[in-house]
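**Q** Provided herewith: start11.cif, mmCIF, C-alpha atoms.
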data_structure
#
loop_
_atom_site.label_atom_id
_atom_site.label_comp_id
_atom_site.auth_asym_id
_atom_site.auth_seq_id
_atom_site.Cartn_x
_atom_site.Cartn_y
_atom_site.Cartn_z
CA MET A 17 -32.72 -79.68 -2.24
CA LYS A 18 -31.72 -80.41 -5.83
CA GLU A 19 -29.72 -83.45 -4.70
CA ARG A 20 -32.71 -84.85 -2.83
CA ASN A 21 -35.01 -84.54 -5.83
CA LYS A 22 -32.50 -86.21 -8.14
CA MET A 23 -33.77 -89.60 -9.31
CA LEU A 24 -31.75 -92.66 -8.40
CA LYS A 25 -30.11 -94.15 -11.50
CA VAL A 26 -28.68 -97.64 -12.02
CA ASP A 27 -26.78 -99.37 -14.82
CA SER A 28 -28.84 -100.78 -17.66
CA PHE A 29 -27.96 -103.63 -20.02
CA SER A 30 -29.37 -105.59 -22.92
CA ALA A 31 -29.89 -109.35 -22.60
CA LYS A 32 -26.53 -109.84 -24.38
CA GLY A 33 -24.68 -107.67 -21.87
CA THR A 34 -24.42 -104.50 -23.94
CA LYS A 35 -24.42 -101.46 -21.68
CA LEU A 36 -27.31 -99.08 -22.30
CA ALA A 37 -28.21 -95.64 -20.98
CA PRO A 38 -28.60 -95.42 -17.18
CA PHE A 39 -32.07 -96.36 -15.91
CA SER A 40 -33.92 -94.13 -13.44
CA LEU A 41 -35.65 -96.14 -10.72
CA PRO A 42 -39.29 -95.25 -10.08
CA LYS A 43 -39.87 -93.03 -7.08
CA GLU A 44 -42.24 -95.70 -5.72
CA ILE A 45 -39.34 -97.95 -4.74
CA GLU A 46 -37.01 -95.29 -3.36
CA SER A 47 -36.72 -94.57 0.34
CA LYS A 48 -34.58 -92.81 2.91
CA PRO A 49 -32.04 -94.93 4.84
CA ASN A 50 -33.55 -96.74 7.83
CA MET A 51 -31.12 -99.34 9.14
CA PRO A 52 -33.09 -100.21 12.32
CA LEU A 53 -36.12 -101.11 10.18
CA LEU A 54 -33.99 -103.13 7.75
CA ALA A 55 -32.35 -105.00 10.63
CA GLN A 56 -35.77 -105.75 12.11
CA ALA A 57 -37.05 -107.07 8.77
CA VAL A 58 -34.01 -109.34 8.31
CA HIS A 59 -34.45 -110.67 11.87
CA VAL A 60 -38.12 -111.47 11.27
CA TYR A 61 -37.48 -113.26 7.96
CA ARG A 62 -34.65 -115.28 9.47
CA ALA A 63 -36.74 -116.29 12.46
CA ARG A 64 -39.65 -117.36 10.27
CA ALA A 65 -37.32 -119.42 8.09
CA HIS A 66 -36.67 -121.77 11.03
CA THR A 67 -39.68 -124.05 11.18
CA GLY A 68 -38.79 -125.34 14.66
CA LEU A 69 -40.11 -128.87 14.04
CA ARG A 70 -37.66 -130.78 16.25
CA ASP A 71 -39.73 -133.03 18.46
CA THR A 72 -38.47 -135.61 20.96
CA LYS A 73 -40.88 -138.09 22.51
CA THR A 74 -41.68 -137.93 26.17
CA ARG A 75 -42.34 -141.10 28.17
CA SER A 76 -46.07 -140.71 27.55
CA GLU A 77 -45.50 -140.86 23.78
CA ILE A 78 -43.29 -143.96 23.72
CA ASN A 79 -44.99 -146.99 22.17
CA ARG A 80 -43.93 -149.46 24.83
CA THR A 81 -45.70 -151.63 27.33
CA THR A 82 -46.82 -149.88 30.49
CA LYS A 83 -46.67 -153.08 32.48
CA LYS A 84 -44.68 -152.75 35.71
CA TRP A 85 -41.18 -154.01 35.02
CA TYR A 86 -40.72 -155.90 38.27
CA LYS A 87 -42.42 -155.98 41.62
CA GLN A 88 -42.32 -153.01 43.92
CA LYS A 89 -40.49 -154.59 46.86
CA GLY A 90 -38.09 -157.37 47.62
CA THR A 91 -35.68 -156.96 44.69
CA GLY A 92 -33.14 -154.71 46.37
CA GLY A 93 -33.41 -152.30 43.46
CA ALA A 94 -35.10 -148.96 43.05
CA ARG A 95 -38.82 -148.79 42.43
CA HIS A 96 -39.69 -148.67 38.71
CA GLY A 97 -42.86 -148.71 36.71
CA ALA A 98 -42.89 -148.80 32.89
CA ARG A 99 -39.77 -149.24 30.71
CA SER A 100 -40.63 -145.94 29.01
CA ALA A 101 -38.91 -143.99 31.81
CA PRO A 102 -36.13 -141.64 30.55
CA ILE A 103 -33.38 -143.54 32.41
CA PHE A 104 -33.85 -146.64 30.23
CA VAL A 105 -32.54 -147.14 26.68
CA GLY A 106 -35.48 -146.72 24.35
CA GLY A 107 -37.39 -144.69 26.90
CA GLY A 108 -38.71 -141.16 26.59
CA ILE A 109 -36.56 -138.05 26.58
CA ALA A 110 -36.77 -135.71 29.54
CA HIS A 111 -36.80 -131.98 28.74
CA GLY A 112 -35.98 -132.55 25.05
CA PRO A 113 -36.68 -130.02 22.26
CA GLN A 114 -40.31 -129.56 21.30
CA PRO A 115 -41.92 -127.88 18.24
CA LEU A 116 -41.68 -124.11 18.42
CA LYS A 117 -44.22 -121.93 16.67
CA ARG A 118 -42.61 -118.63 15.75
CA GLU A 119 -44.97 -115.69 15.97
CA LEU A 120 -42.74 -112.91 14.63
CA VAL A 121 -44.66 -110.83 12.11
CA LEU A 122 -43.78 -107.61 10.34
CA PRO A 123 -46.79 -105.46 9.33
CA GLN A 124 -47.36 -105.04 5.61
CA ALA A 125 -46.52 -101.35 5.62
CA LEU A 126 -43.20 -102.02 7.33
CA ARG A 127 -42.42 -104.93 4.98
CA GLN A 128 -42.94 -102.66 2.01
CA LYS A 129 -40.90 -99.89 3.59
CA ALA A 130 -38.04 -102.27 4.43
CA LEU A 131 -37.99 -103.53 0.83
CA LYS A 132 -37.69 -99.97 -0.46
CA VAL A 133 -34.88 -99.25 2.00
CA ALA A 134 -32.99 -102.38 0.91
CA LEU A 135 -33.40 -101.64 -2.81
CA THR A 136 -32.33 -98.02 -2.40
CA MET A 137 -29.27 -99.04 -0.37
CA LYS A 138 -28.24 -101.63 -2.97
CA ALA A 139 -28.74 -99.14 -5.81
CA ARG A 140 -26.53 -96.55 -4.12
CA GLU A 141 -23.85 -99.23 -3.69
CA GLY A 142 -23.98 -99.96 -7.42
CA LYS A 143 -25.38 -103.44 -6.86
CA VAL A 144 -28.63 -103.06 -8.80
CA ALA A 145 -28.82 -103.45 -12.58
CA VAL A 146 -31.73 -103.40 -15.01
CA VAL A 147 -31.74 -105.74 -18.02
CA ALA A 148 -34.01 -105.32 -21.04
CA GLY A 149 -35.33 -108.68 -22.26
CA LEU A 150 -34.01 -110.71 -19.35
CA THR A 151 -36.72 -113.35 -19.81
CA ASN A 152 -35.57 -113.93 -23.40
CA ILE A 153 -32.42 -115.65 -22.15
CA LYS A 154 -32.81 -119.40 -22.68
CA LYS A 155 -29.30 -120.81 -22.28
CA THR A 156 -27.10 -121.02 -19.20
CA LYS A 157 -24.07 -119.91 -21.22
CA GLU A 158 -25.83 -116.68 -22.18
CA ALA A 159 -26.92 -116.10 -18.58
CA GLN A 160 -23.37 -116.61 -17.28
CA GLY A 161 -22.03 -114.22 -19.89
CA LEU A 162 -24.51 -111.58 -18.75
CA ILE A 163 -23.45 -112.03 -15.12
CA ASP A 164 -19.77 -111.75 -16.06
CA LYS A 165 -20.42 -108.39 -17.71
CA ILE A 166 -22.54 -106.99 -14.87
CA VAL A 167 -20.68 -108.41 -11.84
CA LYS A 168 -16.98 -108.03 -12.49
CA GLU A 169 -15.55 -108.35 -9.00
CA GLY A 170 -16.41 -108.96 -5.34
CA ASN A 171 -19.41 -111.03 -4.29
CA ARG A 172 -20.57 -113.11 -7.26
CA ARG A 173 -23.95 -113.88 -5.75
CA VAL A 174 -26.83 -112.60 -7.90
CA THR A 175 -30.60 -112.43 -7.58
CA PHE A 176 -32.71 -112.18 -10.73
CA VAL A 177 -36.01 -110.36 -10.31
CA VAL A 178 -38.53 -111.16 -13.04
CA GLU A 179 -42.07 -110.22 -13.89
CA ASP A 180 -44.80 -112.28 -12.26
CA GLY A 181 -45.69 -115.33 -14.36
CA LYS A 182 -42.28 -115.52 -16.05
CA LYS A 183 -40.35 -117.56 -13.52
CA GLY A 184 -39.69 -120.12 -16.27
CA VAL A 185 -36.64 -118.04 -17.08
CA SER A 186 -35.00 -119.62 -14.02
CA ARG A 187 -34.21 -122.67 -16.18
CA ALA A 188 -31.36 -120.70 -17.71
CA PHE A 189 -30.04 -119.71 -14.30
CA LYS A 190 -30.61 -122.81 -12.15
CA ASN A 191 -27.19 -124.31 -12.94
CA ILE A 192 -25.35 -121.10 -12.06
CA LYS A 193 -23.79 -121.17 -8.62
CA ASN A 194 -25.00 -118.60 -6.09
CA SER A 195 -27.92 -117.40 -8.20
CA ASN A 196 -31.60 -117.10 -7.34
CA THR A 197 -34.68 -116.12 -9.35
CA VAL A 198 -37.59 -114.35 -7.66
CA PRO A 199 -40.87 -112.97 -9.06
CA PHE A 200 -41.12 -109.29 -8.20
CA ARG A 201 -44.29 -109.76 -6.15
CA ASN A 202 -42.41 -112.18 -3.84
CA LEU A 203 -39.35 -109.98 -3.43
CA ASN A 204 -38.61 -108.95 0.15
CA ALA A 205 -35.99 -107.01 2.09
CA TYR A 206 -34.21 -110.16 3.26
CA GLU A 207 -33.62 -111.45 -0.29
CA VAL A 208 -32.45 -108.04 -1.46
CA PHE A 209 -30.13 -107.48 1.50
CA LEU A 210 -28.45 -110.91 1.22
CA GLY A 211 -28.97 -111.44 -2.50
CA GLY A 212 -25.71 -109.97 -3.75
CA THR A 213 -26.17 -108.05 -7.00
CA ILE A 214 -29.84 -107.54 -7.87
CA ILE A 215 -30.54 -107.92 -11.61
CA ILE A 216 -34.05 -106.75 -12.47
CA ASP A 217 -35.99 -107.42 -15.66
CA LYS A 218 -36.99 -104.08 -17.17
CA ASP A 219 -40.54 -105.38 -17.73
CA VAL A 220 -41.01 -105.40 -13.96
CA PHE A 221 -41.18 -101.62 -13.83
CA GLY A 222 -44.55 -100.12 -14.53
CA LYS A 223 -47.44 -102.46 -13.94
CA GLU A 224 -45.62 -104.81 -11.54
CA VAL A 225 -44.33 -101.99 -9.34
CA ALA A 226 -47.77 -100.38 -9.32
CA LYS A 227 -49.43 -103.72 -8.56
CA LYS A 228 -47.14 -104.39 -5.58
CA GLU A 229 -47.77 -100.84 -4.33
CA ILE A 230 -51.53 -101.41 -4.42
CA LYS A 231 -51.42 -104.89 -2.81
CA LYS A 232 -49.18 -103.86 0.06
#
Taking this structure as input, can you express it in the form of structure tokens?
**A**
Amino acid sequence: MKERNKMLKVDSFSAKGTKLAPFSLPKEIESKPNMPLLAQAVHVYRARAHTGLRDTKTRSEINRTTKKWYKQKGTGGARHGARSAPIFVGGGIAHGPQPLKRELVLPQALRQKALKVALTMKAREGKVAVVAGLTNIKKTKEAQGLIDKIVKEGNRRVTFVVEDGKKGVSRAFKNIKNSNTVPFRNLNAYEVFLGGTIIIDKDVFGKEVAKKEIKK
């Protein structure tokens, strides 16, 4: 029972990469493992990412004369009407791909739960870090130095999570390969699961966590 009540702690750093005392994650974002739910959330986000806008024109959509090509009989050839038939070059496409509207939706409660599962899993793997003053970083060199001190080996992909309204910090990170910056209110299980090491601005905890809890 004592192990269950123990708060989940992650590494904490200053904006210059100095290691600080471990940070205890709020209980609001902790959750028990639930891999089926996490897999479902990732599937839904992936499916919704594909807009499905491929659209080939059928013979009725081809802008071509509908005048009969040649007379019905007496030519020795097959009967044909307009040149928009699929067998002619420039004609319509038969059975081609059409726009697909994807209807997969994950309820808000499950989206929130999946996010908590993903964050908890990443934290237990040692792939979540909290940085005090993350939004004070203005130069790419400083941002890269911070990453080098937090992520020392393995997957170098990082996702920076910042307080809502402070996405301007992404200017310091936009030239860094395999990095992404996300406001906390837009964070989801898919971005956490595939985002590599999650680096969270310390200012996020408190009002932003509470705000997301209320909205969801």
**Q** Would you tabulate, counting all atoms listed in the file, all residues of stretch 162-216 of chain A that have an atom at most 10 Å from an atom of stretch 133-137 of chain A, showing the closest pair of atoms and their distance in Å to one decimal, sorted by chain then ascending number, as a Markdown table?
**A**
| residue | atom | partner | partner_atom | distance |
| --- | --- | --- | --- | --- |
| A:Asn204 | CA | A:Ala134 | CA | 8.7 |
| A:Ala205 | CA | A:Ala134 | CA | 5.6 |
| A:Tyr206 | CA | A:Ala134 | CA | 8.2 |
| A:Glu207 | CA | A:Ala134 | CA | 9.2 |
| A:Val208 | CA | A:Ala134 | CA | 6.2 |
| A:Phe209 | CA | A:Ala134 | CA | 5.9 |
| A:Leu210 | CA | A:Ala134 | CA | 9.7 |
| A:Ile214 | CA | A:Leu135 | CA | 8.5 |
**Q** Check what the PyMOL selection byres ((chain A and resi 215) around 9) selects in the file above and give those residues as a count of residues only.
**A** 17
**Q** For this file, the PyMOL selection byres ((chain A and resi 151) around 12) selects which residues, as an MDAnalysis selection string?
**A** chainID A and resid 30:32 147:150 152:155 158:159 176:189 197 199 215:220
**Q** One decimal, Å: what's the distance from atom CA of A:Lys35 over to atom CA of A:Asn196, could you say?
**A** 22.4 Å
**Q** Suppose you want the space between atom CA of A:Ile109 and atom CA of A:Thr67; what is it in Å?
**A**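 One can read the atom CA of A:Ile109 to atom CA of A:Thr67 distance as 21.0 Å.
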